[in-house]
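Inspection log for the structure reproduced underneath, given as structure tokens.
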Amino acid sequence: MKKKGLKRVFAALAACSVMASAMPVMNFAASAADNIIRNSTFETGTEEWGVYKESGGKYKLAGEDGKLALTVLDRGEVSYAVQLNQPTIKLYKNGVYRFSFDVSSTVDRYIEGMIQLDKPDYRSYVWMGCDVTTEMQTFEKEFVMEEETDIMAKLCFNCGVEKQDPADLPEHTLYFDNVTLELIDDSNVDYSEAEGYQASIIANQVGYRPDAKKTAVFRNTEGGDFSIVNVDTEEVVFTGTMEGPKKNIQAEETNYTGDFSAVKTPGTYVIKSEGLDDSYPFVIGNDVYDDIFDETLRMLYLQRCGTAVEDKDFAHPSCHDTMATIYDTDTKIDVNGGWHDAGDYGRYIVAAAKTVADLLYAYDASPELFSDNVGIPESGNGTPDVLDEVRYELEWMLKMQDKTDGGVYHKVTCATFPQYIMPEEETKPLIVMPKSTTATADFAASMALAYEFYKDVDAEFADTCLEAAKKAYEWAIANPNVRYKNPADVVTGEYGDKVTSDEIYWAKAQLYRATGDESYIADASVKRGLDWSTVGDYGNIAILTMDGIDKTSDIYTAASETVLKQAKDMKSVSDVMPYGVTLVEYNWGSNMTVANAGNILALAYKLTGEQEYLDKATAQLDYLLGTNPLGTSFVTGFGTVAPVAPHHRPSMAVGKCMPGMLVGGVNQNLEDPAAKAYCIDSPDAKCWVDNAESYSTNEITIYWNSPLTYLFAMTEKAGEPVTPPTTEPPTTEPPVTDPTDAPSVPSIPATLLGDANCDGVVSIADATAILQHLGNNDEYALSEQGAANADVDGKTGVTAGDALSIQRLDAKLIDSLPDLGE
């Protein structure tokens with residue numbers, strides 16, 4: 001595992017300009033006289049440098065003879081149409097800096113060099129206008145950082161259209177070298193290193209249902225006793241002893257845990273332990289999740305597109321209600337409606353389908369949780385608000401289907417992302433992007449699912465959904481490999497997917513459930529996944545929760561085995577993680593992955609009645625609501641410490657955080673400038689920043705909220721456990737099971753134990769390869785030799801436990817991997 005040092009972030013900078021962060025922070029002093037610019041002499045080519053382009057700007061970028069060569073093919077229409085840049089430049093208030101660079105050009109021209117605020121209004125902290133010639137020149141300027149410390153400033157060279165240049169300036173190449181930024185005087189910089197607060201006792205900050213498993217995590221301690229104290233009466237209601245220690249590799253800390261499941265009496269509590277600060281308060285009660293549950297659903301109403309939204313903070317008139325043009329044609333169609341997908345205003349079919357499925361299956365699991373008074377326009381009409389809200393999305397989805405052939409258009413957006421504005425202010429032309437197999441099959445599945453839930457509410461609408469589903473399915477079967485990829489002139493979310501078999505399986509399973517027609521599953525192969533790109537488990541859910549299904553049938557057995565195999569692997573990971581989470585690596589949208597895992601575990605409980613699966617499912621909910629290494633509830637507006645600066649344009653435009661949104665969560669890959677600036681020294685499990693610019697950790701989406709809603713429903717008493725079949729299932733391999741989804745049991749000897757990717761080295765990359773294989777074997781299949789190497793215990797085939805063993809080896813917690821004979 002790649003080791004990182006102590007987490008270092010910067011005070012009062014973790015929020016957007018209109019919000020204050022709730023995140024613990026620490027100031028970090030830079031060394032004076034060091035060059036702050038990375039790869040400043042271009043010895044490693046173009047590394048650390050990028051080019052922003054717009055309005056027709058075109059360029060080529062390359063390393064050439066120890067210099068950076070920027071060839072301007074078209075200067076576009078504005079000065080920044082071609083902008084060479086390096087993000088995350090640290091500037092400290094009152095610091096004196098020297099900024100310099102060498103530059104020449106194959107033609108005489110004018111450029112601008114600056115270091116600026118990297119968000120609207122993009123004001124410059126230092127600026128130089130440069131008359132560049134064919135001779136290499138040095139430009140230099142000293143300046144004082146007079147504004148507040150900014151560790152996310154951006155170095156920019158504007159090389160687009162400049163009024164100082166002739167209109168007919170030909171194509172040319174600019175050469176840059178020795179780009180330097182030095183802090184030459186820091187005598188007036190405040191380097192007081194006041195470490196931000198880090199809670200030592202960590203629990204679910206929203207609270208617990210009375211009968212739930214309740215576990216606190218302790219750090220900064222060597223163990224001991226702890227007490228649960230009623231906040232109102234100050235009475236100690238429970239005393240326990242910490243268990244541990246447990247080395248937490250991902251968080252780079254040592255943890256103890258404490259079980260207080262015995263506390264069931266409703267009330268507000270804190271956890272105390274001698275020498276540690278009290279935990280944040282939390283509630284125990286049957287109705288503890290009522291408010292957050294409703295807000296996670298009402299958030300979707302506030303995301304409505306194409307209609308006026310009423311709200312005291314986030315009201316807006318109708319938006320994106322013009323006709324949209326089908327890409328590369330002159331055809332315009334009406335695609336008004338639906339939900340804005342995320343922190344921007346695009347609408348995507350594959351994202352919509354997952355969201356619809358989560359919500360309808362949540363309603364199926366615990367209909368008593370869903371009221372008719374959430375606070376949407378349809379509240380009080382006699383239909384649960386969840387069905388009204390989902391219908392709003394379904395009606396938009398129906399507009400995205402080509403009625404002539406049944407194919408479904410992939411998405412509708414503008415060509416580029418908007419600035420941080422309210423939705424009605426995005427008025428650029430709407431573009432409907434071409435059809436895809438994944439969008440069409442997902443559409444078929446979600447429409448077939450909708451039929452079941454609306455046939456007793458509005459039979460005509462339900463029939464419309466089912467007929468649309470059948471027609472879409474026929475198109476998908478006839479066009480199984482139509483993959484979507486953004487063209488060069490469209491940069492909004494791609495939602496591309498190279499594997500279509502899981503979407504087609506889901507459509508087959510859902511249409512079988514809706515119609516009872518076994519021909520849909522005659523050649524079905526079960527798949528896995530609850531992500532937008534891997535949706536096979538929705539097909540499994542359709543089968544496993546289908547009324548009247550034969551539980552000894554091949555399709556039921558295959559779906560059940562697939563779900564239980566995943567749940568077993570997830571449980572094995574949760575067992576060794578102090579915070580109970582099922583993650584071994586943290587990628588974009590990790591909070592969705594956690595919620596999805598909770599739903600698989602809860603489904604395993606329903607299939608088996610085994611309490612441990614339900615306990616692990618509720619542990620995933622606890623993680624999302626505060627029992628995590630950051631000590632943060634990841635749902636806006638809920639918990640003592642929760643995000644206040646999500647990457648969400650309405651929140652950014654209004655200057656107030658919309659409640660009830662699950663943010664993306666920890667992402668160890670540092671995939672945006674804010675994450676790189678704030679989390680560069682963070683351990684993997686703490687790579688999250690409450691900053692509106694951190695789209696890779698702090699954005700929101702409808703399909704991150706929906707699995708959280710589903711998880712609330714699935715863990716609400718978890719329903720009555722489904723009685724396992726009394727008849728023995730077939731002893732032969734079910735013919736519907738996809739062989740690539742079966743457990744990877746090696747048939748040949750290992751050549752290097754742990755070397756799953758067969759690169760001759762055992763490293764964390766092998767653990768990642770195993771986990772990717774377990775999550776989506778269609779896309780991440782191990783070779784036969786890789787599977788043999790990966791089975792480090794030699795007993796059960798490739799499991800998540802093997803990945804954990806490799807991780808422990810990499811962290812030097814063990815000296816060698818288990819022998820095959822153990």
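Chain labels run A, B, ... following the order of the structure tokens; each chain numbers its residues from 1, and ligands are numbered from 1 in the order shown.
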
For segment 355-360 of chain A, please output as a PDB file with C-alpha atoms, in the first residue's frame all residues within 6 Å (counting only C-alpha atoms; exclusion window: fewer than 5 positions along the same chain).
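And here's selection_17.pdb as it stands now:
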```pdb
ATOM      1  CA  TYR A 703     -28.387   7.734  -7.559  1.00  0.00           C
ATOM      2  CA  SER A 706     -31.545   6.541  -3.723  1.00  0.00           C
ATOM      3  CA  PRO A 707     -29.522   3.600  -2.309  1.00  0.00           C
ATOM      4  CA  TYR A 710     -33.278   1.928   0.017  1.00  0.00           C
TER       5      TYR A 710
END
```

Gly346 of chain A environment, 10 Å, only C-alpha atoms, sequence neighbours closer than 6 positions dropped, as a PyMOL selection string: chain A and resi 305+320+338-340+411-418+430+492-493

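If you look at atom CA of Ala692 of chain A and atom CA of Gly655 of chain A, they are 10.9 Å away from each other.
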
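Taking only C-alpha atoms, the non-local environment of segment 538-541 of chain A within 7 Å (same-chain residues fewer than 3 positions away omitted) comprises Tyr505, Trp506, Ala509, Gln510, Leu530, Val535, Leu544, Thr545 and Ala559 of chain A.
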
Could you tell me which of A:Asp497, A:Glu393, A:Glu48, A:Asp259 comes closest to Leu155 of chain A if we count only C-alpha atoms?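 Closest to Leu155 of chain A, using only C-alpha atoms: A:Glu48.
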
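Of the listed residues A:Ala251, A:Met114, A:Ala212, A:Leu369, the one whose atoms come nearest to Leu614 of chain A is A:Ala212, with distances taken using only C-alpha atoms.
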
Leu84 of chain A surroundings by only C-alpha atoms, 9 Å radius, close-in-sequence under 4 positions cut, as number ranges by chain: A: 49-53, 70, 80, 155-159

Output of the above residues as an mmCIF file, in the first residue's frame, restricted to all heavy atoms:
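Below you can see out.cif, which holds the result:
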```cif
data_model
loop_
_atom_site.group_PDB
_atom_site.id
_atom_site.type_symbol
_atom_site.label_atom_id
_atom_site.label_comp_id
_atom_site.auth_asym_id
_atom_site.auth_seq_id
_atom_site.Cartn_x
_atom_site.Cartn_y
_atom_site.Cartn_z
ATOM 1 N N TRP A 49 0.929 19.658 -15.902
ATOM 2 C CA TRP A 49 0.429 20.797 -16.675
ATOM 3 C C TRP A 49 -0.763 20.364 -17.534
ATOM 4 O O TRP A 49 -0.805 19.253 -18.049
ATOM 5 C CB TRP A 49 1.525 21.370 -17.583
ATOM 6 C CG TRP A 49 2.643 21.976 -16.799
ATOM 7 C CD1 TRP A 49 3.748 21.333 -16.300
ATOM 8 C CD2 TRP A 49 2.740 23.339 -16.377
ATOM 9 N NE1 TRP A 49 4.544 22.217 -15.607
ATOM 10 C CE2 TRP A 49 3.949 23.458 -15.638
ATOM 11 C CE3 TRP A 49 1.960 24.470 -16.562
ATOM 12 C CZ2 TRP A 49 4.367 24.655 -15.080
ATOM 13 C CZ3 TRP A 49 2.372 25.669 -16.010
ATOM 14 C CH2 TRP A 49 3.558 25.765 -15.271
ATOM 15 N N GLY A 50 -1.717 21.267 -17.673
ATOM 16 C CA GLY A 50 -2.878 20.998 -18.500
ATOM 17 C C GLY A 50 -3.240 22.227 -19.309
ATOM 18 O O GLY A 50 -2.677 23.306 -19.125
ATOM 19 N N VAL A 51 -4.198 22.062 -20.206
ATOM 20 C CA VAL A 51 -4.652 23.183 -21.041
ATOM 21 C C VAL A 51 -6.180 23.206 -21.014
ATOM 22 O O VAL A 51 -6.830 22.195 -21.296
ATOM 23 C CB VAL A 51 -4.161 23.063 -22.495
ATOM 24 C CG1 VAL A 51 -4.663 24.261 -23.316
ATOM 25 C CG2 VAL A 51 -2.648 22.982 -22.542
ATOM 26 N N TYR A 52 -6.723 24.341 -20.646
ATOM 27 C CA TYR A 52 -8.170 24.561 -20.760
ATOM 28 C C TYR A 52 -8.431 25.189 -22.125
ATOM 29 O O TYR A 52 -7.677 26.061 -22.573
ATOM 30 C CB TYR A 52 -8.648 25.518 -19.663
ATOM 31 C CG TYR A 52 -10.077 25.979 -19.832
ATOM 32 C CD1 TYR A 52 -11.138 25.170 -19.436
ATOM 33 C CD2 TYR A 52 -10.364 27.216 -20.410
ATOM 34 C CE1 TYR A 52 -12.455 25.587 -19.594
ATOM 35 C CE2 TYR A 52 -11.672 27.636 -20.576
ATOM 36 C CZ TYR A 52 -12.714 26.828 -20.166
ATOM 37 O OH TYR A 52 -14.008 27.240 -20.334
ATOM 38 N N LYS A 53 -9.499 24.714 -22.808
ATOM 39 C CA LYS A 53 -9.837 25.320 -24.095
ATOM 40 C C LYS A 53 -11.344 25.539 -24.165
ATOM 41 O O LYS A 53 -12.120 24.816 -23.531
ATOM 42 C CB LYS A 53 -9.382 24.444 -25.255
ATOM 43 C CG LYS A 53 -10.096 23.110 -25.405
ATOM 44 C CD LYS A 53 -9.532 22.315 -26.562
ATOM 45 C CE LYS A 53 -10.256 20.981 -26.726
ATOM 46 N NZ LYS A 53 -11.645 21.130 -27.181
ATOM 47 N N LEU A 70 3.784 24.549 -26.432
ATOM 48 C CA LEU A 70 2.342 24.712 -26.624
ATOM 49 C C LEU A 70 2.103 25.259 -28.027
ATOM 50 O O LEU A 70 2.410 26.423 -28.310
ATOM 51 C CB LEU A 70 1.768 25.677 -25.583
ATOM 52 C CG LEU A 70 0.289 26.037 -25.755
ATOM 53 C CD1 LEU A 70 -0.608 24.826 -25.531
ATOM 54 C CD2 LEU A 70 -0.100 27.177 -24.812
ATOM 55 N N TYR A 80 -8.684 33.382 -22.902
ATOM 56 C CA TYR A 80 -8.438 32.105 -22.234
ATOM 57 C C TYR A 80 -8.980 30.915 -23.038
ATOM 58 O O TYR A 80 -9.154 29.820 -22.492
ATOM 59 C CB TYR A 80 -9.055 32.109 -20.826
ATOM 60 C CG TYR A 80 -10.491 32.574 -20.776
ATOM 61 C CD1 TYR A 80 -11.542 31.692 -20.978
ATOM 62 C CD2 TYR A 80 -10.787 33.911 -20.533
ATOM 63 C CE1 TYR A 80 -12.855 32.114 -20.943
ATOM 64 C CE2 TYR A 80 -12.101 34.347 -20.492
ATOM 65 C CZ TYR A 80 -13.134 33.442 -20.692
ATOM 66 O OH TYR A 80 -14.442 33.875 -20.651
ATOM 67 N N LEU A 155 -2.117 28.651 -11.486
ATOM 68 C CA LEU A 155 -1.190 29.346 -12.366
ATOM 69 C C LEU A 155 -1.699 29.216 -13.796
ATOM 70 O O LEU A 155 -1.979 28.101 -14.257
ATOM 71 C CB LEU A 155 0.199 28.733 -12.242
ATOM 72 C CG LEU A 155 1.240 29.139 -13.287
ATOM 73 C CD1 LEU A 155 1.537 30.624 -13.244
ATOM 74 C CD2 LEU A 155 2.525 28.329 -13.094
ATOM 75 N N CYS A 156 -1.825 30.330 -14.511
ATOM 76 C CA CYS A 156 -2.395 30.315 -15.864
ATOM 77 C C CYS A 156 -1.563 31.145 -16.827
ATOM 78 O O CYS A 156 -1.038 32.209 -16.460
ATOM 79 C CB CYS A 156 -3.823 30.882 -15.864
ATOM 80 S SG CYS A 156 -4.968 30.036 -14.783
ATOM 81 N N PHE A 157 -1.497 30.675 -18.060
ATOM 82 C CA PHE A 157 -0.965 31.457 -19.174
ATOM 83 C C PHE A 157 -2.062 31.521 -20.233
ATOM 84 O O PHE A 157 -2.388 30.495 -20.849
ATOM 85 C CB PHE A 157 0.299 30.826 -19.749
ATOM 86 C CG PHE A 157 1.471 30.809 -18.808
ATOM 87 C CD1 PHE A 157 1.818 29.641 -18.127
ATOM 88 C CD2 PHE A 157 2.216 31.960 -18.593
ATOM 89 C CE1 PHE A 157 2.893 29.620 -17.274
ATOM 90 C CE2 PHE A 157 3.307 31.951 -17.719
ATOM 91 C CZ PHE A 157 3.645 30.777 -17.044
ATOM 92 N N ASN A 158 -2.639 32.702 -20.422
ATOM 93 C CA ASN A 158 -3.676 32.874 -21.433
ATOM 94 C C ASN A 158 -3.032 33.065 -22.801
ATOM 95 O O ASN A 158 -2.295 34.023 -23.031
ATOM 96 C CB ASN A 158 -4.545 34.088 -21.113
ATOM 97 C CG ASN A 158 -5.525 33.804 -19.981
ATOM 98 O OD1 ASN A 158 -5.689 32.657 -19.575
ATOM 99 N ND2 ASN A 158 -6.168 34.840 -19.473
ATOM 100 N N CYS A 159 -3.343 32.159 -23.721
ATOM 101 C CA CYS A 159 -2.711 32.160 -25.037
ATOM 102 C C CYS A 159 -3.748 32.154 -26.162
ATOM 103 O O CYS A 159 -3.481 31.710 -27.275
ATOM 104 C CB CYS A 159 -1.789 30.949 -25.182
ATOM 105 S SG CYS A 159 -0.546 30.814 -23.873
#
```

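Excluding Pro166 of chain A itself and any same-chain residue fewer than 3 positions from it, the protein and nucleic acid residues within 12 Å of it, counting only C-alpha atoms, are Arg75, Val107, Asp108, Arg109, Tyr110, Val161, Glu162, Lys163, Leu169 and Pro170 of chain A.
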
I need the alpha helix (DSSP H) residues of segment 604-643 of chain A per DSSP on the backbone, written as a list in words.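 Those residues are Ala604, Tyr605, Lys606, Leu607, Thr608, Gln611, Glu612, Tyr613, Leu614, Asp615, Lys616, Ala617, Thr618, Ala619, Gln620, Leu621, Asp622, Tyr623 and Leu624 of chain A.
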
Gly223 of chain A environment, 7 Å, only C-alpha atoms, sequence neighbours closer than 2 positions dropped, as a PyMOL selection string: chain A and resi 221+242+256

Selected residues, N, CA and C atoms, written as a compact mmCIF listing (two decimals), in the first residue's frame, please.
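Once everything was written out, this is again-v8.txt:
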```
# COMPACT_ATOMS: atom_id res chain seq x y z
N THR A 221 -6.49 6.40 22.27
CA THR A 221 -6.65 5.78 23.59
C THR A 221 -5.91 4.45 23.59
N MET A 242 -13.93 -1.50 26.21
CA MET A 242 -13.49 -1.47 24.82
C MET A 242 -12.83 -2.78 24.42
N TYR A 256 -10.17 1.03 18.92
CA TYR A 256 -10.87 0.11 19.80
C TYR A 256 -12.35 0.25 19.48
```

Can you list, as a PyMOL selection string, all residues belonging to segment 587-724 of chain A that DSSP tags as strand (DSSP E or B)? chain A and resi 635+647+662-663+699-701
